[in-house]
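*Asks:* Contents are mmCIF, C-alpha atoms; file name my_file-v2.cif:
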data_data
loop_
_atom_site.label_atom_id
_atom_site.label_comp_id
_atom_site.auth_asym_id
_atom_site.auth_seq_id
_atom_site.Cartn_x
_atom_site.Cartn_y
_atom_site.Cartn_z
CA MET A 1 110.10 64.71 83.35
CA SER A 2 112.42 65.09 80.35
CA ASN A 3 111.97 62.84 77.34
CA ALA A 4 115.21 61.04 78.19
CA ALA A 5 114.06 60.41 81.75
CA ALA A 6 110.68 59.20 80.49
CA VAL A 7 112.35 56.79 78.06
CA LEU A 8 114.65 55.45 80.79
CA PHE A 9 111.60 55.09 83.03
CA ALA A 10 109.92 52.97 80.34
CA ASN A 11 113.12 50.93 80.04
CA ASP A 12 113.12 50.40 83.82
CA ALA A 13 109.47 49.29 83.64
CA PHE A 14 110.45 46.64 81.10
CA TYR A 15 113.09 45.18 83.41
CA ALA A 16 110.78 45.47 86.43
CA ALA A 17 108.20 43.36 84.57
CA PHE A 18 110.96 40.91 83.60
CA VAL A 19 112.34 40.59 87.13
CA GLY A 20 108.86 40.44 88.66
CA ARG A 21 107.69 37.89 86.09
CA ASP A 22 104.69 40.11 85.56
CA ALA A 23 103.35 38.99 82.19
CA ASP A 24 100.43 41.43 82.22
CA ALA A 25 102.74 44.37 82.89
CA MET A 26 105.02 43.10 80.12
CA ASP A 27 102.04 42.91 77.74
CA GLU A 28 100.99 46.43 78.68
CA LEU A 29 104.33 48.10 78.01
CA TRP A 30 104.56 46.93 74.37
CA ALA A 31 103.04 49.25 71.76
CA ARG A 32 99.53 48.43 70.59
CA ILE A 33 99.31 50.52 67.42
CA VAL A 34 102.87 50.59 66.09
CA PRO A 35 104.10 47.14 64.91
CA VAL A 36 106.56 45.42 67.26
CA SER A 37 109.40 42.93 66.94
CA CYS A 38 111.84 41.10 69.23
CA LEU A 39 115.21 39.38 69.00
CA HIS A 40 115.69 37.19 72.05
CA PRO A 41 119.24 35.80 72.44
CA GLY A 42 119.61 32.75 70.23
CA TRP A 43 116.08 32.97 68.82
CA PRO A 44 114.98 33.80 65.29
CA PRO A 45 113.33 37.22 65.01
CA LEU A 46 109.76 37.57 66.20
CA HIS A 47 107.52 39.94 64.25
CA GLY A 48 104.12 41.13 65.45
CA ARG A 49 102.54 41.78 68.82
CA GLU A 50 100.96 38.36 69.26
CA ALA A 51 104.23 36.46 68.76
CA VAL A 52 106.27 38.91 70.84
CA VAL A 53 103.91 39.07 73.83
CA GLN A 54 103.40 35.29 73.79
CA SER A 55 107.17 34.79 73.85
CA TRP A 56 107.37 36.92 76.98
CA ARG A 57 104.48 35.07 78.59
CA ASP A 58 106.34 31.80 77.94
CA ILE A 59 109.65 33.17 79.25
CA LEU A 60 108.11 34.67 82.38
CA ALA A 61 106.11 31.50 83.11
CA ASN A 62 109.29 29.41 83.00
CA PRO A 63 110.49 28.71 86.55
CA ASP A 64 114.02 28.63 85.17
CA ALA A 65 113.76 32.19 83.85
CA PRO A 66 116.99 33.90 84.84
CA ALA A 67 117.36 36.67 87.36
CA ILE A 68 118.26 39.79 85.41
CA ARG A 69 119.48 43.26 86.32
CA CYS A 70 119.78 46.24 84.00
CA ASP A 71 122.39 48.96 84.37
CA SER A 72 124.41 51.46 82.35
CA ALA A 73 121.32 52.50 80.37
CA ARG A 74 121.74 55.29 77.82
CA ALA A 75 118.79 56.86 76.04
CA TYR A 76 119.06 58.10 72.45
CA LEU A 77 116.18 60.34 71.46
CA LEU A 78 114.90 60.29 67.88
CA GLY A 79 111.87 62.56 67.97
CA GLU A 80 108.78 60.46 68.69
CA ALA A 81 111.00 57.38 68.90
CA ALA A 82 114.01 56.52 71.07
CA HIS A 83 116.36 53.68 71.70
CA VAL A 84 118.15 52.63 74.84
CA ILE A 85 121.44 50.74 75.05
CA CYS A 86 121.96 48.96 78.37
CA ALA A 87 123.69 46.10 80.09
CA GLU A 88 121.71 43.06 81.21
CA ARG A 89 123.46 41.24 84.05
CA LEU A 90 122.60 37.56 84.47
CA PRO A 91 124.16 34.83 86.57
CA GLU A 92 125.35 33.20 83.33
CA GLY A 93 127.05 36.33 82.05
CA ASP A 94 126.44 39.76 80.66
CA LEU A 95 124.25 40.74 77.74
CA ALA A 96 123.86 44.01 75.86
CA ALA A 97 120.42 45.17 74.85
CA THR A 98 118.97 47.54 72.30
CA ASN A 99 115.46 48.57 73.31
CA VAL A 100 113.44 50.73 70.91
CA PHE A 101 110.51 52.82 72.10
CA VAL A 102 107.92 54.99 70.43
CA ARG A 103 105.57 57.56 71.91
CA GLU A 104 102.07 56.17 71.52
CA ALA A 105 99.13 58.19 72.86
CA GLY A 106 101.60 60.20 74.94
CA LEU A 107 103.32 57.21 76.57
CA TRP A 108 106.65 55.66 75.65
CA LYS A 109 105.95 52.09 74.56
CA MET A 110 108.39 49.36 73.57
CA VAL A 111 108.46 48.41 69.90
CA HIS A 112 111.65 46.31 69.71
CA HIS A 113 114.00 44.42 72.01
CA HIS A 114 117.32 42.90 70.91
CA SER A 115 119.54 41.23 73.47
CA SER A 116 122.81 39.33 72.97
CA PRO A 117 125.94 38.28 74.86
CA ALA A 118 128.53 41.04 75.15
CA PRO A 119 131.56 41.81 77.29
CA MET A 120 129.99 44.69 79.18
CA PRO A 121 132.14 47.14 81.14
CA PRO A 122 131.39 47.60 84.85
CA GLU A 123 128.25 49.45 85.74
CA ALA A 124 128.34 53.07 84.60
CA ALA A 125 126.39 55.98 85.91
CA ARG A 126 123.20 56.69 84.01
CA THR A 127 124.04 59.12 81.25
CA LYS A 128 122.24 60.80 78.42
CA PRO A 129 124.12 61.67 75.25
CA PRO A 130 123.54 65.08 73.71
CA THR A 131 120.42 65.25 71.57
CA LEU A 132 118.72 67.76 69.38
CA GLN A 133 115.82 68.17 71.74
CA MET B 1 110.05 56.29 46.88
CA SER B 2 108.08 55.37 50.01
CA ASN B 3 109.63 55.86 53.42
CA ALA B 4 109.93 52.10 53.87
CA ALA B 5 111.70 51.75 50.52
CA ALA B 6 114.03 54.62 51.39
CA VAL B 7 114.89 53.04 54.74
CA LEU B 8 115.57 49.68 53.09
CA PHE B 9 117.70 51.48 50.51
CA ALA B 10 119.76 53.00 53.36
CA ASN B 11 120.04 49.54 54.90
CA ASP B 12 121.25 48.14 51.58
CA ALA B 13 123.81 50.95 51.36
CA PHE B 14 125.17 49.92 54.76
CA TYR B 15 125.73 46.33 53.60
CA ALA B 16 127.11 47.50 50.25
CA ALA B 17 129.73 49.52 52.12
CA PHE B 18 130.43 46.52 54.35
CA VAL B 19 130.80 44.07 51.44
CA GLY B 20 132.77 46.57 49.39
CA ARG B 21 135.03 47.44 52.34
CA ASP B 22 134.36 51.05 51.50
CA ALA B 23 135.26 52.86 54.72
CA ASP B 24 134.45 56.31 53.35
CA ALA B 25 130.97 55.20 52.25
CA MET B 26 130.51 53.62 55.68
CA ASP B 27 131.53 56.88 57.35
CA GLU B 28 129.13 58.84 55.16
CA LEU B 29 126.06 56.76 55.94
CA TRP B 30 126.25 57.26 59.72
CA ALA B 31 124.40 60.30 61.11
CA ARG B 32 126.44 63.43 61.75
CA ILE B 33 124.07 65.38 63.98
CA VAL B 34 122.14 62.74 65.90
CA PRO B 35 124.36 60.74 68.33
CA VAL B 36 125.22 57.23 67.19
CA SER B 37 126.07 53.90 68.82
CA CYS B 38 127.02 50.37 67.76
CA LEU B 39 126.96 46.87 69.21
CA HIS B 40 129.26 44.64 67.16
CA PRO B 41 128.95 40.91 67.95
CA GLY B 42 130.98 40.14 71.07
CA TRP B 43 132.10 43.74 71.57
CA PRO B 44 131.16 46.12 74.36
CA PRO B 45 128.87 48.94 73.21
CA LEU B 46 130.41 51.81 71.29
CA HIS B 47 128.97 55.27 71.91
CA GLY B 48 129.69 58.30 69.73
CA ARG B 49 130.52 58.86 66.09
CA GLU B 50 134.29 58.79 66.43
CA ALA B 51 134.37 55.39 68.17
CA VAL B 52 131.76 53.88 65.86
CA VAL B 53 133.27 55.05 62.58
CA GLN B 54 136.78 54.08 63.70
CA SER B 55 135.54 50.58 64.57
CA TRP B 56 134.20 50.23 61.05
CA ARG B 57 137.43 51.54 59.55
CA ASP B 58 139.31 48.89 61.56
CA ILE B 59 136.90 46.11 60.57
CA LEU B 60 136.91 47.03 56.88
CA ALA B 61 140.71 47.31 56.81
CA ASN B 62 141.08 43.80 58.20
CA PRO B 63 141.87 41.37 55.37
CA ASP B 64 140.08 38.70 57.39
CA ALA B 65 136.82 40.68 57.44
CA PRO B 66 134.09 38.21 56.59
CA ALA B 67 132.01 38.15 53.44
CA ILE B 68 128.51 39.16 54.46
CA ARG B 69 125.12 39.12 52.77
CA CYS B 70 121.93 40.71 54.05
CA ASP B 71 118.46 39.36 53.36
CA SER B 72 114.97 39.17 54.85
CA ALA B 73 115.05 42.87 55.74
CA ARG B 74 111.94 44.37 57.30
CA ALA B 75 111.53 48.09 57.88
CA TYR B 76 109.61 49.44 60.87
CA LEU B 77 108.75 53.12 60.51
CA LEU B 78 108.68 55.34 63.59
CA GLY B 79 108.07 58.82 62.18
CA GLU B 80 111.43 60.49 61.58
CA ALA B 81 113.16 57.32 62.79
CA ALA B 82 112.99 53.71 61.66
CA HIS B 83 114.53 50.38 62.41
CA VAL B 84 115.27 47.43 60.19
CA ILE B 85 115.48 43.79 61.25
CA CYS B 86 117.44 41.63 58.85
CA ALA B 87 119.50 38.50 58.49
CA GLU B 88 123.27 38.72 58.04
CA ARG B 89 124.63 35.61 56.32
CA LEU B 90 128.30 34.86 56.90
CA PRO B 91 130.39 31.79 56.14
CA GLU B 92 130.64 31.16 59.89
CA GLY B 93 126.89 31.26 60.43
CA ASP B 94 123.90 33.52 60.53
CA LEU B 95 123.45 36.73 62.49
CA ALA B 96 120.41 38.89 63.11
CA ALA B 97 120.74 42.67 63.01
CA THR B 98 118.81 45.61 64.32
CA ASN B 99 119.70 48.73 62.34
CA VAL B 100 118.25 52.06 63.49
CA PHE B 101 117.98 55.02 61.13
CA VAL B 102 116.93 58.63 61.49
CA ARG B 103 116.04 61.18 58.83
CA GLU B 104 118.75 63.81 58.94
CA ALA B 105 118.56 66.69 56.47
CA GLY B 106 116.10 64.66 54.40
CA LEU B 107 118.26 61.54 54.17
CA TRP B 108 117.95 58.32 56.18
CA LYS B 109 121.16 57.95 58.17
CA MET B 110 122.24 55.11 60.45
CA VAL B 111 122.31 55.85 64.17
CA HIS B 112 122.66 52.35 65.64
CA HIS B 113 123.70 48.85 64.57
CA HIS B 114 123.33 45.74 66.74
CA SER B 115 124.29 42.36 65.34
CA SER B 116 124.39 38.96 67.05
CA PRO B 117 124.26 35.24 66.26
CA ALA B 118 120.76 33.95 65.65
CA PRO B 119 119.15 30.90 64.03
CA MET B 120 117.72 32.76 61.07
CA PRO B 121 115.04 31.19 58.91
CA PRO B 122 115.71 30.83 55.17
CA GLU B 123 115.68 33.99 53.13
CA ALA B 124 112.25 35.60 53.07
CA ALA B 125 110.84 37.98 50.53
CA ARG B 126 111.31 41.62 51.43
CA THR B 127 108.26 42.68 53.41
CA LYS B 128 107.02 45.77 55.14
CA PRO B 129 104.79 45.47 58.19
CA PRO B 130 101.76 47.72 58.43
CA THR B 131 102.57 51.19 59.69
CA LEU B 132 100.72 54.30 60.61
CA GLN B 133 102.18 56.22 57.71
#
Could you express the structure from this file as structure tokens?

*Replies:*
Amino acid sequence: MSNAAAVLFANDAFYAAFVGRDADAMDELWARIVPVSCLHPGWPPLHGREAVVQSWRDILANPDAPAIRCDSARAYLLGEAAHVICAERLPEGDLAATNVFVREAGLWKMVHHHSSPAPMPPEAARTKPPTLQ
Amino acid sequence: MSNAAAVLFANDAFYAAFVGRDADAMDELWARIVPVSCLHPGWPPLHGREAVVQSWRDILANPDAPAIRCDSARAYLLGEAAHVICAERLPEGDLAATNVFVREAGLWKMVHHHSSPAPMPPEAARTKPPTLQ
């Protein structure tokens, strides 16, 4: 699997945990060694694994948590780090997300999530921009 | 200068170009080799250097471009990449930004900017979370 495919796979795992309201899977996919952060829409920034994972446990435990679908994901490789830009489709409207990953013990783990409302174009095919790798 | 200090210096340079409406400085601080992207508040994602730099030239040429001030910046180091979370203070309200940088030819260059409204806490002292470096 190429690095880009592996990063997009990790991004898919994040949305699978979100959609499946699987708090343990969500916990598992965040980095454990590298410090993490999160910018939920309309929230102040969260810094540190405890605050970030707890926020996801609260969101996923909420019966009103929205249905969400990710598409149009693009992976940008930055050596042992990467970020993904993607659309998040919700019943209330579209969001755009920046998801940052780092390779930790050989696996791509999430270190940052930033999501906010954005006028997203229709779903695009999965693409990978040119990289140096 | 530590890596964290160098990344925060690059982040400061971004806001200095923004405040100073210096389109050439803004152009210069974006990476030239590594692909770049940008998520302006309320815009669809921009992919590629030409689209991103042109968007900044348009924004900085607009006489109604807002005054902006950055504070509470935190640098997260990811090897040859890094991201910064910071507050953007505008007359209309606060935003939170994720700014991603990569070391390109020895200099920290911006590869992604994502900014969106957020209820930011009051200005915090500049801090650096623990890293592996």

*Asks:* Which of these, A:Cys70, A:Ala61, A:Ala13, A:Leu46, has the shortest distance to chain B once you count only C-alpha atoms?

*Replies:* A:Leu46

*Asks:* May I have the residues of chain A within 10 Å of chain B, counting all atoms listed in the file, written as a PyMOL selection string?

*Replies:* chain A and resi 33-48+74+76-83+85-87+95-98+100-103+111-121+129-132

*Asks:* Here is a test: counting only C-alpha atoms, which residue of B:Gln54, B:Asn99, B:Asn62, B:Ser72 is nearest to Val7 (chain B)?

*Replies:*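 For Val7 (chain B), the nearest of the given residues is B:Asn99.
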
*Asks:* Let me make sure I understand: among B:Met26, B:Leu90, B:Ala75, B:Ala105, which one has the smallest atom-to-atom distance to Ile59 (chain B) if we use all atoms listed in the file?

*Replies:*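 For Ile59 (chain B), the nearest of the given residues is B:Met26.
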
*Asks:* Determine the residue set returned by the PyMOL selection byres ((chain A and resi 18) around 10) for the present structure, and present it as an NGL selection string.

*Replies:* :A and (12-17 or 19-23 or 25-26 or 56 or 59-60 or 65-69)

*Asks:* Report chain B as a JSON list (two decimals) with C-alpha atoms, keeping the file's coordinate frame in the frame of chain A, after least-squares superposition over all C-alpha atoms paired in order.

*Replies:*
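What landed in part.json:
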[["chain", "number", "residue", "atom", "x", "y", "z"],
["B", 1, "MET", "CA", 110.10, 64.71, 83.35],
["B", 2, "SER", "CA", 112.41, 65.09, 80.35],
["B", 3, "ASN", "CA", 111.98, 62.85, 77.34],
["B", 4, "ALA", "CA", 115.21, 61.03, 78.17],
["B", 5, "ALA", "CA", 114.04, 60.41, 81.74],
["B", 6, "ALA", "CA", 110.67, 59.19, 80.49],
["B", 7, "VAL", "CA", 112.33, 56.79, 78.06],
["B", 8, "LEU", "CA", 114.63, 55.45, 80.79],
["B", 9, "PHE", "CA", 111.58, 55.09, 83.03],
["B", 10, "ALA", "CA", 109.91, 52.97, 80.32],
["B", 11, "ASN", "CA", 113.10, 50.94, 80.04],
["B", 12, "ASP", "CA", 113.11, 50.40, 83.81],
["B", 13, "ALA", "CA", 109.47, 49.30, 83.63],
["B", 14, "PHE", "CA", 110.44, 46.65, 81.08],
["B", 15, "TYR", "CA", 113.08, 45.18, 83.40],
["B", 16, "ALA", "CA", 110.78, 45.48, 86.41],
["B", 17, "ALA", "CA", 108.21, 43.37, 84.56],
["B", 18, "PHE", "CA", 110.96, 40.92, 83.58],
["B", 19, "VAL", "CA", 112.34, 40.60, 87.13],
["B", 20, "GLY", "CA", 108.87, 40.47, 88.63],
["B", 21, "ARG", "CA", 107.69, 37.90, 86.07],
["B", 22, "ASP", "CA", 104.68, 40.10, 85.58],
["B", 23, "ALA", "CA", 103.35, 38.98, 82.20],
["B", 24, "ASP", "CA", 100.43, 41.42, 82.22],
["B", 25, "ALA", "CA", 102.74, 44.38, 82.89],
["B", 26, "MET", "CA", 105.01, 43.10, 80.12],
["B", 27, "ASP", "CA", 102.05, 42.92, 77.74],
["B", 28, "GLU", "CA", 100.98, 46.43, 78.68],
["B", 29, "LEU", "CA", 104.32, 48.08, 78.00],
["B", 30, "TRP", "CA", 104.56, 46.91, 74.37],
["B", 31, "ALA", "CA", 103.02, 49.22, 71.75],
["B", 32, "ARG", "CA", 99.51, 48.42, 70.58],
["B", 33, "ILE", "CA", 99.32, 50.52, 67.42],
["B", 34, "VAL", "CA", 102.87, 50.60, 66.09],
["B", 35, "PRO", "CA", 104.10, 47.15, 64.91],
["B", 36, "VAL", "CA", 106.54, 45.44, 67.25],
["B", 37, "SER", "CA", 109.39, 42.93, 66.96],
["B", 38, "CYS", "CA", 111.82, 41.11, 69.25],
["B", 39, "LEU", "CA", 115.19, 39.38, 69.00],
["B", 40, "HIS", "CA", 115.69, 37.19, 72.06],
["B", 41, "PRO", "CA", 119.23, 35.81, 72.45],
["B", 42, "GLY", "CA", 119.62, 32.76, 70.20],
["B", 43, "TRP", "CA", 116.08, 32.98, 68.83],
["B", 44, "PRO", "CA", 114.99, 33.82, 65.30],
["B", 45, "PRO", "CA", 113.33, 37.24, 65.02],
["B", 46, "LEU", "CA", 109.76, 37.58, 66.20],
["B", 47, "HIS", "CA", 107.51, 39.94, 64.24],
["B", 48, "GLY", "CA", 104.11, 41.14, 65.45],
["B", 49, "ARG", "CA", 102.53, 41.78, 68.81],
["B", 50, "GLU", "CA", 100.96, 38.36, 69.27],
["B", 51, "ALA", "CA", 104.24, 36.46, 68.75],
["B", 52, "VAL", "CA", 106.26, 38.90, 70.85],
["B", 53, "VAL", "CA", 103.91, 39.06, 73.82],
["B", 54, "GLN", "CA", 103.40, 35.28, 73.79],
["B", 55, "SER", "CA", 107.18, 34.77, 73.84],
["B", 56, "TRP", "CA", 107.38, 36.92, 76.95],
["B", 57, "ARG", "CA", 104.49, 35.07, 78.57],
["B", 58, "ASP", "CA", 106.36, 31.80, 77.92],
["B", 59, "ILE", "CA", 109.66, 33.17, 79.24],
["B", 60, "LEU", "CA", 108.11, 34.67, 82.37],
["B", 61, "ALA", "CA", 106.15, 31.49, 83.10],
["B", 62, "ASN", "CA", 109.32, 29.41, 83.00],
["B", 63, "PRO", "CA", 110.51, 28.70, 86.55],
["B", 64, "ASP", "CA", 114.05, 28.62, 85.16],
["B", 65, "ALA", "CA", 113.80, 32.18, 83.84],
["B", 66, "PRO", "CA", 117.00, 33.90, 84.86],
["B", 67, "ALA", "CA", 117.36, 36.68, 87.39],
["B", 68, "ILE", "CA", 118.25, 39.79, 85.43],
["B", 69, "ARG", "CA", 119.47, 43.26, 86.33],
["B", 70, "CYS", "CA", 119.77, 46.24, 84.00],
["B", 71, "ASP", "CA", 122.37, 48.97, 84.38],
["B", 72, "SER", "CA", 124.40, 51.47, 82.36],
["B", 73, "ALA", "CA", 121.32, 52.51, 80.38],
["B", 74, "ARG", "CA", 121.72, 55.29, 77.84],
["B", 75, "ALA", "CA", 118.78, 56.86, 76.04],
["B", 76, "TYR", "CA", 119.07, 58.10, 72.46],
["B", 77, "LEU", "CA", 116.18, 60.34, 71.45],
["B", 78, "LEU", "CA", 114.89, 60.27, 67.88],
["B", 79, "GLY", "CA", 111.85, 62.55, 67.97],
["B", 80, "GLU", "CA", 108.77, 60.45, 68.67],
["B", 81, "ALA", "CA", 111.00, 57.36, 68.89],
["B", 82, "ALA", "CA", 113.99, 56.51, 71.05],
["B", 83, "HIS", "CA", 116.35, 53.68, 71.71],
["B", 84, "VAL", "CA", 118.14, 52.63, 74.85],
["B", 85, "ILE", "CA", 121.43, 50.74, 75.06],
["B", 86, "CYS", "CA", 121.95, 48.98, 78.36],
["B", 87, "ALA", "CA", 123.68, 46.12, 80.10],
["B", 88, "GLU", "CA", 121.71, 43.06, 81.20],
["B", 89, "ARG", "CA", 123.46, 41.25, 84.05],
["B", 90, "LEU", "CA", 122.58, 37.59, 84.48],
["B", 91, "PRO", "CA", 124.16, 34.85, 86.57],
["B", 92, "GLU", "CA", 125.35, 33.21, 83.35],
["B", 93, "GLY", "CA", 127.06, 36.34, 82.06],
["B", 94, "ASP", "CA", 126.45, 39.77, 80.66],
["B", 95, "LEU", "CA", 124.25, 40.75, 77.74],
["B", 96, "ALA", "CA", 123.86, 44.01, 75.87],
["B", 97, "ALA", "CA", 120.40, 45.18, 74.83],
["B", 98, "THR", "CA", 118.97, 47.55, 72.30],
["B", 99, "ASN", "CA", 115.45, 48.58, 73.33],
["B", 100, "VAL", "CA", 113.43, 50.73, 70.92],
["B", 101, "PHE", "CA", 110.50, 52.82, 72.12],
["B", 102, "VAL", "CA", 107.90, 54.98, 70.44],
["B", 103, "ARG", "CA", 105.55, 57.56, 71.92],
["B", 104, "GLU", "CA", 102.06, 56.15, 71.53],
["B", 105, "ALA", "CA", 99.15, 58.18, 72.87],
["B", 106, "GLY", "CA", 101.60, 60.21, 74.94],
["B", 107, "LEU", "CA", 103.31, 57.23, 76.57],
["B", 108, "TRP", "CA", 106.65, 55.66, 75.66],
["B", 109, "LYS", "CA", 105.93, 52.09, 74.57],
["B", 110, "MET", "CA", 108.38, 49.36, 73.57],
["B", 111, "VAL", "CA", 108.45, 48.40, 69.90],
["B", 112, "HIS", "CA", 111.63, 46.32, 69.72],
["B", 113, "HIS", "CA", 114.00, 44.43, 72.02],
["B", 114, "HIS", "CA", 117.31, 42.90, 70.92],
["B", 115, "SER", "CA", 119.54, 41.23, 73.48],
["B", 116, "SER", "CA", 122.80, 39.33, 72.99],
["B", 117, "PRO", "CA", 125.94, 38.29, 74.87],
["B", 118, "ALA", "CA", 128.51, 41.05, 75.15],
["B", 119, "PRO", "CA", 131.57, 41.81, 77.29],
["B", 120, "MET", "CA", 129.99, 44.69, 79.17],
["B", 121, "PRO", "CA", 132.13, 47.12, 81.13],
["B", 122, "PRO", "CA", 131.39, 47.58, 84.85],
["B", 123, "GLU", "CA", 128.25, 49.44, 85.73],
["B", 124, "ALA", "CA", 128.37, 53.05, 84.59],
["B", 125, "ALA", "CA", 126.42, 55.98, 85.92],
["B", 126, "ARG", "CA", 123.22, 56.66, 84.02],
["B", 127, "THR", "CA", 124.07, 59.09, 81.24],
["B", 128, "LYS", "CA", 122.28, 60.78, 78.41],
["B", 129, "PRO", "CA", 124.15, 61.65, 75.24],
["B", 130, "PRO", "CA", 123.60, 65.06, 73.70],
["B", 131, "THR", "CA", 120.47, 65.26, 71.59],
["B", 132, "LEU", "CA", 118.77, 67.75, 69.39],
["B", 133, "GLN", "CA", 115.86, 68.12, 71.76]]

*Asks:* Please, what distance in Å, to one decimal, runs between CA of Asp24 (chain B) and CA of Arg89 (chain B)?

*Replies:* 23.1 Å

*Asks:* Hey, can you check how far CA of Asn11 (chain A) sits from CA of Lys109 (chain B)?

*Replies:* 24.3 Å

*Asks:* Between CA of Asp71 (chain B) and CA of Ala4 (chain B), what distance in Å does the model show, to one decimal?

*Replies:*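 About the pair CA of Asp71 (chain B) and CA of Ala4 (chain B): they are 15.3 Å apart.
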
*Asks:* Which residue, B:Pro122, B:Pro91, B:Leu8, B:Asp27, has the smallest gap to Asp58 (chain B) when you use only C-alpha atoms?

*Replies:*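 For Asp58 (chain B), the nearest of the candidates is B:Asp27.
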
*Asks:* Report the centre and edge lengths, in Å to one decimal, of an axis-aligned box enclosing every atom of region 51-66 of chain B listed in the file, padded by 8 Å on each side, as JSON.

*Replies:*
{"center_x": 136.8, "center_y": 46.8, "center_z": 61.8, "size_x": 26.1, "size_y": 33.2, "size_z": 28.8}
